[in-house]
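Undergrad: Structure provided below as structure tokens; questions to follow.
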Amino acid sequence: MPTYHVEMMEGRTIEQKKKLVEAITRVSVEILGGQPDSVDILITDVKRENWATGGKLWSEPRD
């Protein structure tokens, strides 16, 4: 079964992460088959100062 790597900016609560991994697991089993215990999900929280879009760090003010 799959291993998912989820990278997102820090700040989500444990409850939000719990709901996310439950949903990813449910959909994976529905579509791919298999058992929920065979779905691995790794979450990496990234600081805003380490993420950039359009040449601008997310820690900088946005227009």
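By order of appearance in the structure tokens: chains A, B, ..., then residues from 1 within every chain, and ligands from 1 in the order shown.
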Neighbours of Val39 of chain A within 8 Å (only C-alpha atoms; same-chain residues fewer than 4 positions away dropped), as a ChimeraX atom specification?
TA: /A:1-4,25,28,35
Undergrad: Could you pull out the residues in segment 6-45 of chain A that DSSP calls alpha helix (DSSP H) from the backbone, as a count of residues only?
TA: 19
Undergrad: Extract, using only C-alpha atoms, all DNA, RNA and protein residues at most 7 Å from Val46 of chain A, discarding same-chain residues fewer than 6 positions from it, and format them as a list in words.
TA: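 Close residues of Val46 of chain A: Glu7, Met8, Met9 and Glu10 of chain A.
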Undergrad: Can you spit out the residues from that selection as an mmCIF file, in the first residue's frame, using all heavy atoms?
TA:
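Dumped to out.cif:
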```cif
data_model
loop_
_atom_site.group_PDB
_atom_site.id
_atom_site.type_symbol
_atom_site.label_atom_id
_atom_site.label_comp_id
_atom_site.auth_asym_id
_atom_site.auth_seq_id
_atom_site.Cartn_x
_atom_site.Cartn_y
_atom_site.Cartn_z
ATOM 1 N N GLU A 7 3.655 17.661 3.202
ATOM 2 C CA GLU A 7 4.397 18.811 3.711
ATOM 3 C C GLU A 7 3.445 19.993 3.730
ATOM 4 O O GLU A 7 2.762 20.258 2.745
ATOM 5 C CB GLU A 7 5.587 19.130 2.811
ATOM 6 C CG GLU A 7 6.657 18.046 2.831
ATOM 7 C CD GLU A 7 7.811 18.395 1.925
ATOM 8 O OE1 GLU A 7 7.642 18.224 0.703
ATOM 9 O OE2 GLU A 7 8.844 18.841 2.447
ATOM 10 N N MET A 8 3.409 20.683 4.865
ATOM 11 C CA MET A 8 2.548 21.853 4.975
ATOM 12 C C MET A 8 3.139 22.811 5.994
ATOM 13 O O MET A 8 3.966 22.429 6.820
ATOM 14 C CB MET A 8 1.131 21.458 5.358
ATOM 15 C CG MET A 8 0.998 20.682 6.627
ATOM 16 S SD MET A 8 -0.706 20.127 6.780
ATOM 17 C CE MET A 8 -0.534 18.996 8.136
ATOM 18 N N MET A 9 2.718 24.066 5.881
ATOM 19 C CA MET A 9 3.203 25.053 6.825
ATOM 20 C C MET A 9 2.713 24.711 8.218
ATOM 21 O O MET A 9 1.587 24.231 8.392
ATOM 22 C CB MET A 9 2.747 26.449 6.429
ATOM 23 C CG MET A 9 3.583 27.023 5.314
ATOM 24 S SD MET A 9 3.124 28.713 4.992
ATOM 25 C CE MET A 9 2.866 28.618 3.234
ATOM 26 N N GLU A 10 3.578 24.938 9.198
ATOM 27 C CA GLU A 10 3.211 24.649 10.575
ATOM 28 C C GLU A 10 2.015 25.484 11.005
ATOM 29 O O GLU A 10 1.694 26.494 10.384
ATOM 30 C CB GLU A 10 4.394 24.928 11.505
ATOM 31 C CG GLU A 10 4.821 26.379 11.542
ATOM 32 C CD GLU A 10 6.057 26.611 12.388
ATOM 33 O OE1 GLU A 10 6.529 25.669 13.056
ATOM 34 O OE2 GLU A 10 6.551 27.739 12.379
#
```
Undergrad: Select, from A:Gly11, A:Ala23, A:Lys17, A:Ile31, the residue with the minimum atom-to-atom distance to Arg48 of chain A, counting only C-alpha atoms.
TA: A:Gly11
Undergrad: What parts of chain A does DSSP call strand (DSSP E or B)? I'd like the answer as a list in words.
TA: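 Answer for chain A restricted to strand (DSSP E or B) is Thr3, Tyr4, His5, Val6, Glu7, Met8, Met9, Asp40, Ile41, Leu42, Ile43, Thr44, Asp45, Val46, Ala52, Thr53, Lys56 and Leu57 of chain A.
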Undergrad: I'd like the contact shell of Glu60 of chain A - 9 Å cut-off, only C-alpha atoms, skipping same-chain residues fewer than 3 positions apart - returned as JSON, numbers by chain.
TA: {"A": [48, 49, 56, 57]}
Undergrad: Write out the residues from the selection above, keeping N, CA and C atoms, as an mmCIF file, in the first residue's frame.
TA:
```cif
data_model
loop_
_atom_site.group_PDB
_atom_site.id
_atom_site.type_symbol
_atom_site.label_atom_id
_atom_site.label_comp_id
_atom_site.auth_asym_id
_atom_site.auth_seq_id
_atom_site.Cartn_x
_atom_site.Cartn_y
_atom_site.Cartn_z
ATOM 1 N N ARG A 48 7.195 28.893 8.188
ATOM 2 C CA ARG A 48 6.874 29.843 7.108
ATOM 3 C C ARG A 48 8.131 30.463 6.521
ATOM 4 N N GLU A 49 9.166 30.611 7.331
ATOM 5 C CA GLU A 49 10.422 31.197 6.846
ATOM 6 C C GLU A 49 11.183 30.256 5.916
ATOM 7 N N LYS A 56 8.981 34.722 -2.885
ATOM 8 C CA LYS A 56 8.787 35.457 -1.637
ATOM 9 C C LYS A 56 8.516 34.474 -0.503
ATOM 10 N N LEU A 57 9.267 34.639 0.597
ATOM 11 C CA LEU A 57 9.055 33.785 1.760
ATOM 12 C C LEU A 57 7.678 34.047 2.362
#
```
Undergrad: Restricting the calculation to only C-alpha atoms: of A:Ile41, A:Gly55, A:Lys47, A:Asp63, which residue gets closest to Leu20 of chain A?
TA: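 Once distances to Leu20 of chain A are computed over only C-alpha atoms, the minimum belongs to A:Ile41.
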